[in-house]
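Undergrad: I have a structure I would like to understand better, so I am pasting it below and will then ask my questions one at a time.
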There are 2 protein chains.
Amino acid sequence: MTHSEENYLKIIYHLSLKSEAVVSTNAIANVMDSKPSSVTDMVQKLAEKDLVSYKKYQGVSLTEKGKKAAVNIIRKHRLWEVFLVEKLHFSWDEVHDIAEQLEHIKSEQLTNRLDEFLNFPTEDPHGDPIPNKNGEIPKLTRQLLADAPLQQNLICVGVKDSSSSFLQYLNKQNISLGTTLQITEKEEFDKSLKLVIDDEQMTVSHMVANNIFVKQL
Amino acid sequence: MTHSEENYLKIIYHLSLKSEAVVSTNAIANVMDSKPSSVTDMVQKLAEKDLVSYKKYQGVSLTEKGKKAAVNIIRKHRLWEVFLVEKLHFSWDEVHDIAEQLEHIKSEQLTNRLDEFLNFPTEDPHGDPIPNKNGEIPKLTRQLLADAPLQQNLICVGVKDSSSSFLQYLNKQNISLGTTLQITEKEEFDKSLKLVIDDEQMTVSHMVANNIFVKQL
DNA sequence: TCTAAATTTTAGCCTTATCTAAATTTATTT
DNA sequence: AAATAAATTTAGATAAGGCTAAAATTTAGA
């Protein structure tokens with residue numbers, strides 16, 4: 001499988017989790033920053049290899065075979081992210097581009113030994129679950145900060161939107177993986193939240209609160 | 001730079017160390033397992049990018065810029081090999097193909113942090129020197145087993161021929177990185193050597209002795 | 001020196017992954 | 001239901017990397 005094919009599978013997987021099971025050509029082109037016609041070409045190739053099922057004008061979905069391949073790529077991506085953050089001390093907003101390259105390295109043995117070396121982590125630095133060797137994806141106990149209860153001790157365990165700009169915003173606000181906080185007030189009007197972090201008061205918008213994952217301590 | 005360009009630079013570098021400074025199209029094609037005509041195409045492209053100097057029918061050599069790039073790829077390859085052997089417990093005959101992929105990952109920061117994580121190693125698992133951040137290549141104190149003195153305590157530090165079959169032969173003979181041994185006798189006729197390893201006697205051919213690097217203890 | 005052999009380059013073609021522009025199908029709106 | 005808009009596919013082009021076969025150049029032998 002080529003890098004490009006792997007990227008398509010990964011993106012189709014992510015899109016079909018977010019919205020419908022069937023993904024449109026246009027949606028893929030948007031995410032990939034390419035043209036719908038290019039997507040059509042590739043999707044037809046993937047369909048021939050039985051990695052996606054595809055009917056003209058009707059969108060694509062992953063076959064079992066395609067889903068397995070996609071999950072494996074995501075497994076590799078997230079394991080490498082753990083490696084980069086835990087062992088090489090990168091921060092969570094720096095690792096994506098490098099992991100994007102490392103995820104294409106082909107060696108099942110390498111993946112499994114890396115997994116072992118990292119002590120079989122179940123979540124990556126952004127709080128996303130890491131599929132195991134058999135492709136099983138661990139269930140998460142986390143919830144969105146926007147949905148969490150008032151006055152509880154919460155620990156920040158990840159983000160939904162892992163765009164570099166969002167992660168940099170969080171760094172600026174001194175929010176990172178492992179930060180503990182409480183919600184002191186929810187504003188009805190705009191759904192913004194008042195938080196206490198290390199005895200410091202601050203306010204975050206709903207948009208932000210809806211992109212941060214927390215667990216109750 | 002593409003993977004392919006990087007591979008060419010690496011191979012031209014290795015060939016010009018082994019033989020002359022100027023490398024022939026044919027020699028490159030042999031090592032790459034491709035055709036001389038393909039090599040010509042690529043070499044012309046590399047010349048345009050000022051990575052090699054090239055005159056029709058006269059062979060190629062690396063420019064300063066090309067040499068820098070080649071050394072950087074070799075640095076990455078060898079650092080990853082150390083990682084695979086020391087941290088993920090691969091054996092030295094398994095790492096080459098994986099390192100061949102990892103050497104193309106693009107991130108200077110990644111390379112330097114990996115270097116640091118591994119404690120700035122100066123040799124890879126095959127005993128080859130690892131260029132530092134500035135492209136400087138440490139001098140080695142090693143010598144070929146075939147050239148080493150009799151009755152001295154020697155430690156095996158690497159191999160010249162790192163083909164999988166040779167490394168597997170060594171594994172079978174219980175010779176590996178760190179093995180200590182003495183030469184008890186040199187046979188004039190065929191240049192074979194009698195060795196003692198862990199109080200066990202054994203004989204190796206000149207061909208083998210000429211491919212193992214040792215240091216005097 | 002002149003020819004034969006070996007090496008190297010050119011020319012033309014293939015594949016992969018893209019693109020633009022045009023055509024087609026589906027969806028929406030009046 | 002027809003007309004228009006939006007989405008999707010087809011057709012044809014391009015660039016990278018590689019191949020084969022043929023032409024050109026260099027090297028070596030007689």
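Letters A, B, ... go to the chains of the structure tokens in the order shown; residues in each chain start at 1; ligands are counted from 1 in the same order.
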Residues of chain C no more than 12 Å from chain A, counting only C-alpha atoms (C1' of nucleotides): send them over as a PyMOL selection string.

TA: chain C and resi 16-21+24-27

Undergrad: Using N, CA and C atoms (P, O5', C5', C4', C3', O3' and C1' of nucleotides), can you export the residues from the last selection as a short mmCIF file (atom, residue, chain, number, x, y, z; two decimals), in the first residue's frame?

TA:
```cif
data_model
loop_
_atom_site.label_atom_id
_atom_site.label_comp_id
_atom_site.auth_asym_id
_atom_site.auth_seq_id
_atom_site.Cartn_x
_atom_site.Cartn_y
_atom_site.Cartn_z
P DT C 16 0.19 1.87 -10.96
"O5'" DT C 16 0.49 3.22 -10.19
"C5'" DT C 16 1.70 3.34 -9.44
"C4'" DT C 16 1.77 4.74 -8.88
"C3'" DT C 16 0.48 5.23 -8.23
"O3'" DT C 16 0.79 5.73 -6.94
"C1'" DT C 16 1.27 6.81 -9.79
P DA C 17 -0.34 6.05 -5.86
"O5'" DA C 17 -0.52 7.62 -6.03
"C5'" DA C 17 0.57 8.48 -5.73
"C4'" DA C 17 0.24 9.88 -6.22
"C3'" DA C 17 -1.16 10.37 -5.83
"O3'" DA C 17 -1.02 11.64 -5.21
"C1'" DA C 17 -0.76 10.77 -8.10
P DT C 18 -2.11 12.24 -4.27
"O5'" DT C 18 -2.22 13.73 -4.77
"C5'" DT C 18 -2.76 14.15 -5.80
"C4'" DT C 18 -2.16 15.05 -6.80
"C3'" DT C 18 -3.24 15.96 -7.36
"O3'" DT C 18 -3.33 17.14 -6.59
"C1'" DT C 18 -1.99 14.97 -9.13
P DC C 19 -4.65 17.98 -6.55
"O5'" DC C 19 -4.65 18.73 -7.99
"C5'" DC C 19 -3.57 19.58 -8.33
"C4'" DC C 19 -3.68 19.95 -9.80
"C3'" DC C 19 -5.03 20.57 -10.15
"O3'" DC C 19 -4.93 21.98 -10.17
"C1'" DC C 19 -4.41 18.87 -11.74
P DT C 20 -6.27 22.88 -10.34
"O5'" DT C 20 -6.59 22.84 -11.91
"C5'" DT C 20 -5.63 23.27 -12.87
"C4'" DT C 20 -6.26 23.22 -14.26
"C3'" DT C 20 -7.59 23.96 -14.36
"O3'" DT C 20 -7.63 24.63 -15.62
"C1'" DT C 20 -7.91 21.68 -14.93
P DA C 21 -8.83 25.69 -15.93
"O5'" DA C 21 -9.72 24.88 -16.98
"C5'" DA C 21 -9.08 24.04 -17.94
"C4'" DA C 21 -10.13 23.26 -18.70
"C3'" DA C 21 -11.50 23.95 -18.79
"O3'" DA C 21 -12.05 23.67 -20.07
"C1'" DA C 21 -11.77 21.89 -17.72
P DT C 24 -22.03 14.33 -21.46
"O5'" DT C 24 -22.49 13.79 -20.03
"C5'" DT C 24 -21.65 12.88 -19.32
"C4'" DT C 24 -22.10 12.86 -17.89
"C3'" DT C 24 -23.61 12.66 -17.71
"O3'" DT C 24 -23.78 11.43 -17.05
"C1'" DT C 24 -22.75 14.30 -16.23
P DT C 25 -25.24 10.74 -16.92
"O5'" DT C 25 -25.60 10.94 -15.39
"C5'" DT C 25 -24.64 10.53 -14.40
"C4'" DT C 25 -24.98 11.20 -13.10
"C3'" DT C 25 -26.43 11.02 -12.65
"O3'" DT C 25 -26.37 10.31 -11.44
"C1'" DT C 25 -25.68 13.26 -12.35
P DT C 26 -27.67 9.91 -10.58
"O5'" DT C 26 -27.81 11.16 -9.58
"C5'" DT C 26 -26.82 11.34 -8.57
"C4'" DT C 26 -27.16 12.58 -7.78
"C3'" DT C 26 -28.53 12.57 -7.11
"O3'" DT C 26 -28.30 12.88 -5.74
"C1'" DT C 26 -28.20 14.59 -8.28
P DA C 27 -29.45 13.05 -4.66
"O5'" DA C 27 -29.62 14.64 -4.55
"C5'" DA C 27 -28.48 15.44 -4.29
"C4'" DA C 27 -28.92 16.89 -4.10
"C3'" DA C 27 -30.21 17.07 -3.33
"O3'" DA C 27 -29.96 18.12 -2.39
"C1'" DA C 27 -30.40 18.12 -5.46
#
```

Undergrad: Using only C-alpha atoms (C1' of nucleotides), find each residue in chain D having at least one atom no more than 10 Å away from chain B; report its shortest atom-to-atom pair and that distance in Å (one decimal), rows by chain then rising number, as a Markdown table.

TA:
```
| residue | atom | partner | partner_atom | distance |
| --- | --- | --- | --- | --- |
| D:DA16 | C1' | B:Thr2 | CA | 9.5 |
| D:DG17 | C1' | B:Ser4 | CA | 8.1 |
| D:DG18 | C1' | B:Ser38 | CA | 6.2 |
| D:DC19 | C1' | B:Ser38 | CA | 7.8 |
| D:DT20 | C1' | B:Ser37 | CA | 9.6 |
| D:DT25 | C1' | B:Tyr57 | CA | 7.3 |
| D:DT26 | C1' | B:Tyr57 | CA | 7.8 |
```

Undergrad: Please produce an output containing N, CA and C atoms (P, O5', C5', C4', C3', O3' and C1' of nucleotides) for each residue in the selection, written as a PDB file, in the first residue's frame.

TA:
```pdb
ATOM      1  P    DA D  16       9.240  16.898 -11.650  1.00  0.00           P
ATOM      2  O5'  DA D  16       9.161  15.445 -10.997  1.00  0.00           O
ATOM      3  C5'  DA D  16       8.534  15.295  -9.725  1.00  0.00           C
ATOM      4  C4'  DA D  16       8.554  13.828  -9.331  1.00  0.00           C
ATOM      5  C3'  DA D  16       9.945  13.205  -9.422  1.00  0.00           C
ATOM      6  O3'  DA D  16      10.099  12.358  -8.299  1.00  0.00           O
ATOM      7  C1'  DA D  16       8.435  12.015 -10.812  1.00  0.00           C
ATOM      8  P    DG D  17      11.570  11.824  -7.951  1.00  0.00           P
ATOM      9  O5'  DG D  17      11.583  10.377  -8.598  1.00  0.00           O
ATOM     10  C5'  DG D  17      10.778   9.362  -7.995  1.00  0.00           C
ATOM     11  C4'  DG D  17      10.741   8.194  -8.943  1.00  0.00           C
ATOM     12  C3'  DG D  17      12.121   7.676  -9.359  1.00  0.00           C
ATOM     13  O3'  DG D  17      12.275   6.356  -8.897  1.00  0.00           O
ATOM     14  C1'  DG D  17      10.626   7.795 -11.184  1.00  0.00           C
ATOM     15  P    DG D  18      13.704   5.603  -9.029  1.00  0.00           P
ATOM     16  O5'  DG D  18      13.471   4.565 -10.215  1.00  0.00           O
ATOM     17  C5'  DG D  18      12.405   3.605 -10.101  1.00  0.00           C
ATOM     18  C4'  DG D  18      11.987   3.168 -11.479  1.00  0.00           C
ATOM     19  C3'  DG D  18      13.110   2.646 -12.361  1.00  0.00           C
ATOM     20  O3'  DG D  18      13.177   1.226 -12.327  1.00  0.00           O
ATOM     21  C1'  DG D  18      11.481   3.897 -13.570  1.00  0.00           C
ATOM     22  P    DC D  19      14.349   0.452 -13.161  1.00  0.00           P
ATOM     23  O5'  DC D  19      13.643   0.063 -14.533  1.00  0.00           O
ATOM     24  C5'  DC D  19      12.394  -0.626 -14.527  1.00  0.00           C
ATOM     25  C4'  DC D  19      11.928  -0.824 -15.965  1.00  0.00           C
ATOM     26  C3'  DC D  19      13.042  -1.305 -16.885  1.00  0.00           C
ATOM     27  O3'  DC D  19      12.805  -2.624 -17.328  1.00  0.00           O
ATOM     28  C1'  DC D  19      11.930   0.613 -17.815  1.00  0.00           C
ATOM     29  P    DT D  20      13.953  -3.330 -18.247  1.00  0.00           P
ATOM     30  O5'  DT D  20      13.542  -2.960 -19.743  1.00  0.00           O
ATOM     31  C5'  DT D  20      12.230  -3.243 -20.249  1.00  0.00           C
ATOM     32  C4'  DT D  20      12.203  -2.899 -21.736  1.00  0.00           C
ATOM     33  C3'  DT D  20      13.347  -3.530 -22.540  1.00  0.00           C
ATOM     34  O3'  DT D  20      12.825  -3.952 -23.794  1.00  0.00           O
ATOM     35  C1'  DT D  20      13.468  -1.166 -22.722  1.00  0.00           C
ATOM     36  P    DT D  25      28.589  10.930 -29.756  1.00  0.00           P
ATOM     37  O5'  DT D  25      29.461  10.189 -28.652  1.00  0.00           O
ATOM     38  C5'  DT D  25      29.099  10.337 -27.268  1.00  0.00           C
ATOM     39  C4'  DT D  25      29.992   9.436 -26.454  1.00  0.00           C
ATOM     40  C3'  DT D  25      31.483   9.610 -26.726  1.00  0.00           C
ATOM     41  O3'  DT D  25      32.040  10.123 -25.526  1.00  0.00           O
ATOM     42  C1'  DT D  25      30.880   7.323 -26.587  1.00  0.00           C
ATOM     43  P    DT D  26      33.623  10.394 -25.357  1.00  0.00           P
ATOM     44  O5'  DT D  26      34.108   8.993 -24.760  1.00  0.00           O
ATOM     45  C5'  DT D  26      33.636   8.585 -23.473  1.00  0.00           C
ATOM     46  C4'  DT D  26      34.193   7.219 -23.152  1.00  0.00           C
ATOM     47  C3'  DT D  26      35.714   7.125 -23.115  1.00  0.00           C
ATOM     48  O3'  DT D  26      36.044   6.596 -21.850  1.00  0.00           O
ATOM     49  C1'  DT D  26      34.798   5.360 -24.402  1.00  0.00           C
TER      50       DT D  26
END
```

Undergrad: Give as a list of chain:residue names every residue of chain B that touches chain A within 10 Å, counting only C-alpha atoms.

TA: B:Leu84, B:Lys87, B:Leu88, B:His89, B:Phe90, B:Val95, B:Asp97, B:Ile98, B:Ala99, B:Glu100, B:Gln101, B:Leu102, B:His104, B:Ile105, B:Lys106, B:Ser107, B:Gln109, B:Leu110, B:Asn112, B:Arg113, B:Leu114, B:Asp115, B:Glu116, B:Phe117, B:Leu118

Undergrad: Quick one: pick out all strand (DSSP E) residues within region 2-189 of chain B from a backbone DSSP run and write them as a list in words.

TA: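 Everything in region 2-189 of chain B that counts as strand (DSSP E) is Val52, Ser53, Tyr54, Val60, Ser61, Leu62, Gln143, Leu144, Leu154, Ile155, Cys156, Val157, Gly158, Val159, Thr180, Leu181, Gln182, Ile183, Thr184, Glu185 and Lys186 of chain B.
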
Undergrad: Using N, CA and C atoms, can you write the selected residues to a file as an mmCIF file, in the first residue's frame?

TA:
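The resulting file, selection.cif, is reproduced below:
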```cif
data_model
loop_
_atom_site.group_PDB
_atom_site.id
_atom_site.type_symbol
_atom_site.label_atom_id
_atom_site.label_comp_id
_atom_site.auth_asym_id
_atom_site.auth_seq_id
_atom_site.Cartn_x
_atom_site.Cartn_y
_atom_site.Cartn_z
ATOM 1 N N VAL B 52 25.316 16.851 -6.952
ATOM 2 C CA VAL B 52 26.461 16.097 -7.467
ATOM 3 C C VAL B 52 27.074 16.905 -8.607
ATOM 4 N N SER B 53 28.353 16.637 -8.896
ATOM 5 C CA SER B 53 28.893 17.192 -10.131
ATOM 6 C C SER B 53 29.034 16.039 -11.107
ATOM 7 N N TYR B 54 28.729 16.314 -12.344
ATOM 8 C CA TYR B 54 28.514 15.239 -13.301
ATOM 9 C C TYR B 54 28.883 15.716 -14.694
ATOM 10 N N VAL B 60 30.047 10.394 -11.641
ATOM 11 C CA VAL B 60 29.516 11.398 -10.712
ATOM 12 C C VAL B 60 30.348 11.479 -9.445
ATOM 13 N N SER B 61 30.330 12.653 -8.818
ATOM 14 C CA SER B 61 30.847 12.775 -7.459
ATOM 15 C C SER B 61 29.976 13.763 -6.698
ATOM 16 N N LEU B 62 29.962 13.640 -5.385
ATOM 17 C CA LEU B 62 29.123 14.518 -4.577
ATOM 18 C C LEU B 62 29.727 15.901 -4.465
ATOM 19 N N GLN B 143 39.914 -2.422 14.183
ATOM 20 C CA GLN B 143 40.645 -2.969 13.042
ATOM 21 C C GLN B 143 39.993 -4.284 12.641
ATOM 22 N N LEU B 144 40.366 -4.764 11.466
ATOM 23 C CA LEU B 144 39.793 -6.035 11.004
ATOM 24 C C LEU B 144 40.383 -7.184 11.811
ATOM 25 N N LEU B 154 40.555 -9.448 22.421
ATOM 26 C CA LEU B 154 39.879 -8.592 21.437
ATOM 27 C C LEU B 154 38.382 -8.576 21.720
ATOM 28 N N ILE B 155 37.749 -7.455 21.407
ATOM 29 C CA ILE B 155 36.286 -7.408 21.521
ATOM 30 C C ILE B 155 35.703 -7.090 20.155
ATOM 31 N N CYS B 156 34.683 -7.848 19.813
ATOM 32 C CA CYS B 156 34.046 -7.689 18.506
ATOM 33 C C CYS B 156 33.170 -6.448 18.535
ATOM 34 N N VAL B 157 33.438 -5.503 17.618
ATOM 35 C CA VAL B 157 32.711 -4.233 17.635
ATOM 36 C C VAL B 157 31.932 -3.944 16.355
ATOM 37 N N GLY B 158 31.993 -4.855 15.380
ATOM 38 C CA GLY B 158 31.232 -4.576 14.171
ATOM 39 C C GLY B 158 31.578 -5.481 13.019
ATOM 40 N N VAL B 159 30.902 -5.235 11.902
ATOM 41 C CA VAL B 159 31.155 -6.027 10.698
ATOM 42 C C VAL B 159 31.301 -5.095 9.511
ATOM 43 N N THR B 180 34.045 -11.360 23.280
ATOM 44 C CA THR B 180 35.497 -11.226 23.423
ATOM 45 C C THR B 180 36.164 -12.515 22.964
ATOM 46 N N LEU B 181 37.351 -12.391 22.392
ATOM 47 C CA LEU B 181 38.031 -13.551 21.820
ATOM 48 C C LEU B 181 39.531 -13.297 21.714
ATOM 49 N N GLN B 182 40.286 -14.361 21.520
ATOM 50 C CA GLN B 182 41.707 -14.247 21.194
ATOM 51 C C GLN B 182 41.994 -15.038 19.923
ATOM 52 N N ILE B 183 43.003 -14.572 19.200
ATOM 53 C CA ILE B 183 43.492 -15.342 18.057
ATOM 54 C C ILE B 183 44.646 -16.196 18.573
ATOM 55 N N THR B 184 44.584 -17.514 18.346
ATOM 56 C CA THR B 184 45.655 -18.388 18.835
ATOM 57 C C THR B 184 46.623 -18.769 17.733
ATOM 58 N N GLU B 185 46.163 -18.706 16.515
ATOM 59 C CA GLU B 185 47.029 -19.150 15.422
ATOM 60 C C GLU B 185 46.558 -18.562 14.101
ATOM 61 N N LYS B 186 47.537 -18.158 13.243
ATOM 62 C CA LYS B 186 47.180 -17.741 11.888
ATOM 63 C C LYS B 186 47.755 -18.754 10.910
#
```

Undergrad: For the full set of C-alpha atoms taken in order, report to one decimal the RMSD after fitting chain B onto chain A.

TA: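 Once chain B is overlaid on chain A, the RMSD is 0.2 Å.
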
Undergrad: List every residue of region 30-139 of chain A that DSSP, applied to the backbone of this structure, places in helix (DSSP H, G or I), and write the result as a PyMOL selection string.

TA: chain A and resi 30-32+36-48+64-87+95-102+108-117

Undergrad: List the spatial neighbours of Thr111 (chain A) as a list in words - criterion: any atom at most 9 Å away, only C-alpha atoms (C1' of nucleotides), same-chain residues fewer than 6 positions off excluded.

TA: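 Counting only the stated atoms, we get Arg75, Lys76, Leu79, Trp80, Ile105 and Lys133 of chain A.
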
Undergrad: Taking 2 positions as the minimum chain separation for residues in the same chain, which residues sit within 12 Å of Glu136 (chain A) when counting only C-alpha atoms (C1' of nucleotides)? Answer as JSON, numbers by chain.

TA: {"A": [67, 68, 71, 72, 74, 75, 122, 129, 130, 131, 132, 133, 134, 138, 139]}

Undergrad: Write to file, as a PDB file, in the first residue's frame, the residues of the selection just made, with C-alpha atoms.

TA:
```
ATOM      1  CA  LYS A  67     -11.206  -0.490   8.215  1.00  0.00           C
ATOM      2  CA  LYS A  68      -8.556  -2.857   9.524  1.00  0.00           C
ATOM      3  CA  VAL A  71      -7.114   1.309  12.311  1.00  0.00           C
ATOM      4  CA  ASN A  72      -3.596  -0.047  11.981  1.00  0.00           C
ATOM      5  CA  ILE A  74      -4.055   5.139  13.406  1.00  0.00           C
ATOM      6  CA  ARG A  75      -2.489   2.726  15.901  1.00  0.00           C
ATOM      7  CA  THR A 122      -4.248   3.121  25.785  1.00  0.00           C
ATOM      8  CA  PRO A 129      -7.606   5.868  22.250  1.00  0.00           C
ATOM      9  CA  ILE A 130      -4.850   3.648  20.824  1.00  0.00           C
ATOM     10  CA  PRO A 131      -6.061   0.482  19.064  1.00  0.00           C
ATOM     11  CA  ASN A 132      -4.311  -2.646  20.302  1.00  0.00           C
ATOM     12  CA  LYS A 133      -2.514  -5.290  18.238  1.00  0.00           C
ATOM     13  CA  ASN A 134      -5.874  -6.867  17.321  1.00  0.00           C
ATOM     14  CA  PRO A 138     -10.315   0.878  24.209  1.00  0.00           C
ATOM     15  CA  LYS A 139     -13.406   2.693  25.514  1.00  0.00           C
TER      16      LYS A 139
END
```

Undergrad: Please identify all polymer residues within 12 Å of Leu193 (chain A), counting only C-alpha atoms (C1' of nucleotides), omitting same-chain residues fewer than 4 positions from it, and present them as a ChimeraX atom specification.

TA: /A:145-151,181-189,201-210

Undergrad: How far is it from C1' of DT7 (chain C) to CA of Leu17 (chain B), in Å with one decimal?

TA: 21.8 Å

Undergrad: Using only C-alpha atoms (C1' of nucleotides), which residues sit within 10 Å of DT28 (chain C) once same-chain residues fewer than 2 positions away are excluded, as a PDB file with C-alpha atoms (C1' of nucleotides), in the first residue's frame?

TA:
```pdb
ATOM      1  C1'  DT C  26     -28.201  14.594  -8.276  1.00  0.00           C
ATOM      2  C1'  DT C  30     -39.305  28.379  -7.963  1.00  0.00           C
TER       3       DT C  30
ATOM      4  C1'  DT D   4     -30.775  26.064 -12.050  1.00  0.00           C
ATOM      5  C1'  DA D   5     -27.268  25.007  -8.694  1.00  0.00           C
ATOM      6  C1'  DA D   6     -24.231  21.865  -6.564  1.00  0.00           C
TER       7       DA D   6
END
```

Undergrad: Report, in Å with one decimal, the straight-line distance from C1' of DT3 (chain C) to C1' of DT27 (chain D).

TA: 11.8 Å
